[in-house]
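Worksheet for the structure shown next.
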Amino acid sequence: MNTAKDLMKRLLHLFPLATAKEAFDKTGTADVVLDEITDSQTQAAIKSFAFENYPITRQNIYIYQLNEVFIRADFDPEQFPFTVEHSESPQEELRIHSLPRTKFDVLIGRTGDRQNLIFIQPITVRLIGDILVIHFTKLVRNISYYFAENDYPVKISQDNQESDILAKVLAFFDDYDPQPLDINAGVKHLWEIDDVDCHKVLSRKAASSVMETMDENLLFKEQYPAEYLTIIQRPLEKTVFKYLLDDGYLCNLFTTEPTVGRISINQFPEDINQAKNVVSKILANN
């Protein structure tokens, strides 16, 4: 259930199957491909694949403002709260790749037994001047995939969940006083220039929040231009955006919580640069 091969297969399962097939020159169904890769490749090779391809996963992205520029030469991987599997410094940026483990406590409905299911969750920490960006690859939602058809597994609890990992990473940068970066300006800029429009928008009034959810494929600004002019003046909360251009530069859909500096990519990006482009384009106009 939690052998080294099991953990590598679960790690690969977090990535688009087509990406794994191309990287390792495999064909076939998911089960066949993951078995062949984990039988023929070292753990180091599979981890390297994860580092190189994290931008094409479903992700939660957290953005923080530091009180000064992070000095890359001062980074000590031995002090980082999780094992640093790999780090790199491309174009004035420090990237730290880590693979913390998280454990699910699972109840098997068919028998009443309890089992532990361990996952490796890729995280990439990016330091760009005085900005800290933390990418978490999302874990699978449906754990039934890892059990027999009639086991009816239910996740009871989780150790070392994403919020715990995030807290430990932020504590490592405590001397730089990381604070959630308000990205309202950058997000609103994309909306104002019609790069994006939204399916769902939660905005804040003086003493309340207002949620607008569009029917089917309708978009808010397109349908309600007058109301848009009011909402754009307020801080945005959770908002689901659709990219309107056909150049593939940004993810087709992404969710933002601008006031707390969060972005979620809930579908596999179609291109390895799309998720990073969402972050960079928002920051460039913030």
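Just so we're on the same page: first chain in the structure tokens is A, next is B, and so on; residues restart at 1 for each chain, and ligands are numbered from 1 in the order they show up.
For Arg58 of chain A, the list of residues within 6 Å, based on only C-alpha atoms and with local chain neighbours fewer than 4 positions off taken out, reads Thr137, Lys138, Ile265, Asn266, Gln267 and Phe268 of chain A.
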Take the residues that were just selected and, keeping C-alpha atoms, output them as a PDB file, in the first residue's frame.
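This went into part.pdb:
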ATOM      1  CA  THR A 137       0.544  20.539  -6.642  1.00  0.00           C
ATOM      2  CA  LYS A 138      -2.983  19.494  -5.709  1.00  0.00           C
ATOM      3  CA  ILE A 265      -5.431  26.193 -11.121  1.00  0.00           C
ATOM      4  CA  ASN A 266      -8.170  23.558 -11.009  1.00  0.00           C
ATOM      5  CA  GLN A 267      -7.611  22.000 -14.435  1.00  0.00           C
ATOM      6  CA  PHE A 268      -4.400  20.738 -15.983  1.00  0.00           C
TER       7      PHE A 268
END
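Residues with any atom within 12 Å of Asn285 of chain A, counting only C-alpha atoms and excluding same-chain neighbours fewer than 2 positions away, are A:Ile183, A:Asn184, A:Ala185, A:Gly186, A:Val187, A:Lys188, A:His189, A:Leu190, A:Trp191, A:Glu192, A:Ile193, A:Val278, A:Val279, A:Ser280, A:Lys281, A:Ile282, A:Leu283.
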Generate the output file for the selected residues, N, CA and C atoms, as a PDB file, in the first residue's frame.
ATOM      1  N   ILE A 183      -3.290  41.180  -4.489  1.00  0.00           N
ATOM      2  CA  ILE A 183      -3.092  41.225  -5.941  1.00  0.00           C
ATOM      3  C   ILE A 183      -4.333  41.751  -6.658  1.00  0.00           C
ATOM      4  N   ASN A 184      -5.183  42.494  -5.950  1.00  0.00           N
ATOM      5  CA  ASN A 184      -6.382  43.049  -6.574  1.00  0.00           C
ATOM      6  C   ASN A 184      -6.045  43.868  -7.813  1.00  0.00           C
ATOM      7  N   ALA A 185      -5.018  44.712  -7.724  1.00  0.00           N
ATOM      8  CA  ALA A 185      -4.694  45.590  -8.851  1.00  0.00           C
ATOM      9  C   ALA A 185      -4.331  44.788 -10.090  1.00  0.00           C
ATOM     10  N   GLY A 186      -3.497  43.763  -9.920  1.00  0.00           N
ATOM     11  CA  GLY A 186      -3.079  42.960 -11.063  1.00  0.00           C
ATOM     12  C   GLY A 186      -4.225  42.171 -11.666  1.00  0.00           C
ATOM     13  N   VAL A 187      -5.070  41.597 -10.803  1.00  0.00           N
ATOM     14  CA  VAL A 187      -6.218  40.822 -11.285  1.00  0.00           C
ATOM     15  C   VAL A 187      -7.213  41.738 -11.995  1.00  0.00           C
ATOM     16  N   LYS A 188      -7.494  42.885 -11.391  1.00  0.00           N
ATOM     17  CA  LYS A 188      -8.453  43.815 -12.002  1.00  0.00           C
ATOM     18  C   LYS A 188      -7.944  44.345 -13.343  1.00  0.00           C
ATOM     19  N   HIS A 189      -6.619  44.519 -13.453  1.00  0.00           N
ATOM     20  CA  HIS A 189      -6.055  44.987 -14.727  1.00  0.00           C
ATOM     21  C   HIS A 189      -6.405  44.010 -15.850  1.00  0.00           C
ATOM     22  N   LEU A 190      -6.245  42.704 -15.602  1.00  0.00           N
ATOM     23  CA  LEU A 190      -6.566  41.716 -16.629  1.00  0.00           C
ATOM     24  C   LEU A 190      -8.037  41.762 -17.003  1.00  0.00           C
ATOM     25  N   TRP A 191      -8.887  42.034 -16.010  1.00  0.00           N
ATOM     26  CA  TRP A 191     -10.322  42.125 -16.252  1.00  0.00           C
ATOM     27  C   TRP A 191     -10.655  43.402 -17.030  1.00  0.00           C
ATOM     28  N   GLU A 192     -10.014  44.486 -16.658  1.00  0.00           N
ATOM     29  CA  GLU A 192     -10.285  45.773 -17.303  1.00  0.00           C
ATOM     30  C   GLU A 192      -9.907  45.772 -18.788  1.00  0.00           C
ATOM     31  N   ILE A 193      -8.807  45.112 -19.143  1.00  0.00           N
ATOM     32  CA  ILE A 193      -8.356  45.124 -20.533  1.00  0.00           C
ATOM     33  C   ILE A 193      -8.968  43.978 -21.337  1.00  0.00           C
ATOM     34  N   VAL A 278       0.172  33.161 -15.550  1.00  0.00           N
ATOM     35  CA  VAL A 278      -0.898  33.779 -14.757  1.00  0.00           C
ATOM     36  C   VAL A 278      -0.281  34.584 -13.619  1.00  0.00           C
ATOM     37  N   VAL A 279       0.660  33.977 -12.912  1.00  0.00           N
ATOM     38  CA  VAL A 279       1.308  34.658 -11.783  1.00  0.00           C
ATOM     39  C   VAL A 279       2.086  35.870 -12.266  1.00  0.00           C
ATOM     40  N   SER A 280       2.913  35.690 -13.294  1.00  0.00           N
ATOM     41  CA  SER A 280       3.790  36.779 -13.731  1.00  0.00           C
ATOM     42  C   SER A 280       3.001  37.942 -14.308  1.00  0.00           C
ATOM     43  N   LYS A 281       1.918  37.653 -15.030  1.00  0.00           N
ATOM     44  CA  LYS A 281       1.151  38.746 -15.626  1.00  0.00           C
ATOM     45  C   LYS A 281       0.395  39.532 -14.571  1.00  0.00           C
ATOM     46  N   ILE A 282      -0.113  38.851 -13.546  1.00  0.00           N
ATOM     47  CA  ILE A 282      -0.778  39.551 -12.443  1.00  0.00           C
ATOM     48  C   ILE A 282       0.238  40.415 -11.692  1.00  0.00           C
ATOM     49  N   LEU A 283       1.402  39.840 -11.350  1.00  0.00           N
ATOM     50  CA  LEU A 283       2.408  40.596 -10.617  1.00  0.00           C
ATOM     51  C   LEU A 283       2.938  41.787 -11.421  1.00  0.00           C
TER      52      LEU A 283
END
Quick one: distance from atom CA of Gln233 of chain A to atom CA of Phe254 of chain A in Å, one decimal?
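Interatomic distance here is 21.1 Å.
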Using the chain letters and numbers from this document, which residues of segment 81-216 of chain A does DSSP assign to strand (DSSP E or B), as a PyMOL selection string?
chain A and resi 84-88+94-98+101-108+114-120+123-128+131-137+153-159+179-180+196-204+209-213
Please provide as a ChimeraX atom specification all residues within 12 Å of Tyr228 of chain A, with the sequence filter that same-chain residues fewer than 2 positions apart are discarded (counting only C-alpha atoms).
/A:188,191-192,197-198,201-203,212,219-226,230-234,236
With a distance cut-off of 12 Å and only C-alpha atoms, select the neighbouring residues of segment 26-31 of chain A, excluding the residue or stretch itself and same-chain residues fewer than 5 positions from it, and output the selection as a list in words.
Asp6, Lys9, Arg10, Leu12, His13, Leu14, Phe15, Pro16, Leu17, Ala18, Thr19, Ala20, Lys21, Glu36, Ile37, Thr38, Ser40, Gln41, Tyr145 and Tyr146 of chain A
Export of prior selection with N, CA and C atoms as a short mmCIF file (atom, residue, chain, number, x, y, z; two decimals), in the first residue's frame:
data_model
loop_
_atom_site.label_atom_id
_atom_site.label_comp_id
_atom_site.auth_asym_id
_atom_site.auth_seq_id
_atom_site.Cartn_x
_atom_site.Cartn_y
_atom_site.Cartn_z
N ASP A 6 4.67 2.32 -4.85
CA ASP A 6 3.34 2.92 -4.66
C ASP A 6 3.44 4.44 -4.61
N LYS A 9 4.19 5.91 -8.01
CA LYS A 9 3.01 5.86 -8.89
C LYS A 9 2.02 6.96 -8.51
N ARG A 10 1.82 7.19 -7.22
CA ARG A 10 0.91 8.26 -6.80
C ARG A 10 1.45 9.63 -7.17
N LEU A 12 3.36 10.27 -9.84
CA LEU A 12 3.13 10.40 -11.28
C LEU A 12 1.67 10.67 -11.60
N HIS A 13 0.77 10.12 -10.79
CA HIS A 13 -0.66 10.25 -11.03
C HIS A 13 -1.14 11.70 -10.87
N LEU A 14 -0.32 12.55 -10.25
CA LEU A 14 -0.68 13.96 -10.08
C LEU A 14 -0.45 14.77 -11.36
N PHE A 15 0.18 14.16 -12.36
CA PHE A 15 0.53 14.86 -13.60
C PHE A 15 -0.36 14.36 -14.73
N PRO A 16 -0.54 15.16 -15.78
CA PRO A 16 -1.29 14.67 -16.94
C PRO A 16 -0.63 13.41 -17.51
N LEU A 17 -1.44 12.42 -17.84
CA LEU A 17 -0.89 11.17 -18.35
C LEU A 17 -0.10 11.42 -19.63
N ALA A 18 -0.58 12.32 -20.48
CA ALA A 18 0.11 12.58 -21.75
C ALA A 18 1.52 13.11 -21.51
N THR A 19 1.70 13.90 -20.45
CA THR A 19 3.02 14.45 -20.13
C THR A 19 3.97 13.34 -19.71
N ALA A 20 3.47 12.41 -18.88
CA ALA A 20 4.30 11.28 -18.45
C ALA A 20 4.64 10.37 -19.63
N LYS A 21 3.66 10.14 -20.49
CA LYS A 21 3.92 9.29 -21.67
C LYS A 21 5.02 9.88 -22.54
N GLU A 36 4.91 0.67 -15.90
CA GLU A 36 6.13 0.58 -16.70
C GLU A 36 7.16 1.62 -16.28
N ILE A 37 6.69 2.82 -15.99
CA ILE A 37 7.64 3.87 -15.59
C ILE A 37 8.29 3.53 -14.26
N THR A 38 7.47 3.12 -13.29
CA THR A 38 8.03 2.84 -11.95
C THR A 38 8.87 1.57 -11.94
N SER A 40 10.84 0.77 -14.59
CA SER A 40 12.02 0.98 -15.43
C SER A 40 12.85 2.20 -15.04
N GLN A 41 12.27 3.11 -14.24
CA GLN A 41 12.96 4.35 -13.91
C GLN A 41 13.33 4.40 -12.42
N TYR A 145 -9.65 5.51 -6.40
CA TYR A 145 -8.75 5.01 -7.44
C TYR A 145 -7.70 4.06 -6.86
N TYR A 146 -7.34 4.23 -5.60
CA TYR A 146 -6.25 3.48 -5.00
C TYR A 146 -6.72 2.26 -4.22
#
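Backbone DSSP assigns alpha helix (DSSP H) in segment 61-175 of chain A to Glu162, Ser163, Asp164, Ile165, Leu166, Ala167, Lys168, Val169, Leu170, Ala171 and Phe172 of chain A.
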Counting only C-alpha atoms, what is within 9 Å of segment 71-77 of chain A, bar same-chain residues fewer than 2 positions away, as a list of chain:residue names?
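Selected residues are A:Glu68, A:Val69, A:Gln79, A:Phe80, A:Pro81, A:Phe82, A:Thr83, A:Val84, A:Ser87, A:Ser89, A:Glu93, A:Leu94, A:Ile96, A:Leu127, A:Gly129.
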Would you mind telling me which residue in A:Asp113, A:Asp182, A:Glu237, A:Asp35 lies nearest to Tyr152 of chain A when using only C-alpha atoms?
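Closest candidate: A:Asp113.
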Mind checking which residues fall within 8 Å of Pro269 of chain A, counting only C-alpha atoms, ignoring those fewer than 3 positions away in the same chain, and posting them as a JSON list (two decimals) with C-alpha atoms, in the first residue's frame?
[["chain", "number", "residue", "atom", "x", "y", "z"],
["A", 55, "PRO", "CA", 3.90, 23.97, -13.73],
["A", 56, "ILE", "CA", 1.53, 21.70, -15.67],
["A", 57, "THR", "CA", -0.20, 20.27, -12.59],
["A", 58, "ARG", "CA", -3.37, 21.43, -10.86],
["A", 251, "CYS", "CA", -4.79, 28.99, -18.35],
["A", 252, "ASN", "CA", -8.29, 28.74, -19.78],
["A", 265, "ILE", "CA", -5.43, 26.19, -11.12],
["A", 272, "ILE", "CA", 3.76, 24.16, -19.21],
["A", 274, "GLN", "CA", 0.45, 28.90, -18.54],
["A", 275, "ALA", "CA", 0.23, 28.75, -14.74]]
So which residues touch Arg262 of chain A within 8 Å, counting only C-alpha atoms, skipping near sequence neighbours fewer than 2 positions away, as number ranges by chain?
A: 60-63, 256-260, 264
Computed interatomic separation between atom CA of Lys238 of chain A and atom CA of Gln59 of chain A (Å)
15.6 Å
Counting only C-alpha atoms, which of A:Thr102, A:Thr213, A:Thr3, A:Thr124 gets nearest to Leu139 of chain A?
A:Thr102
Record the distance separating atom CA of Leu250 of chain A and atom CA of Gln91 of chain A, expressed in Å with one decimal.
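Answer for the atom CA of Leu250 of chain A to atom CA of Gln91 of chain A separation: 20.9 Å.
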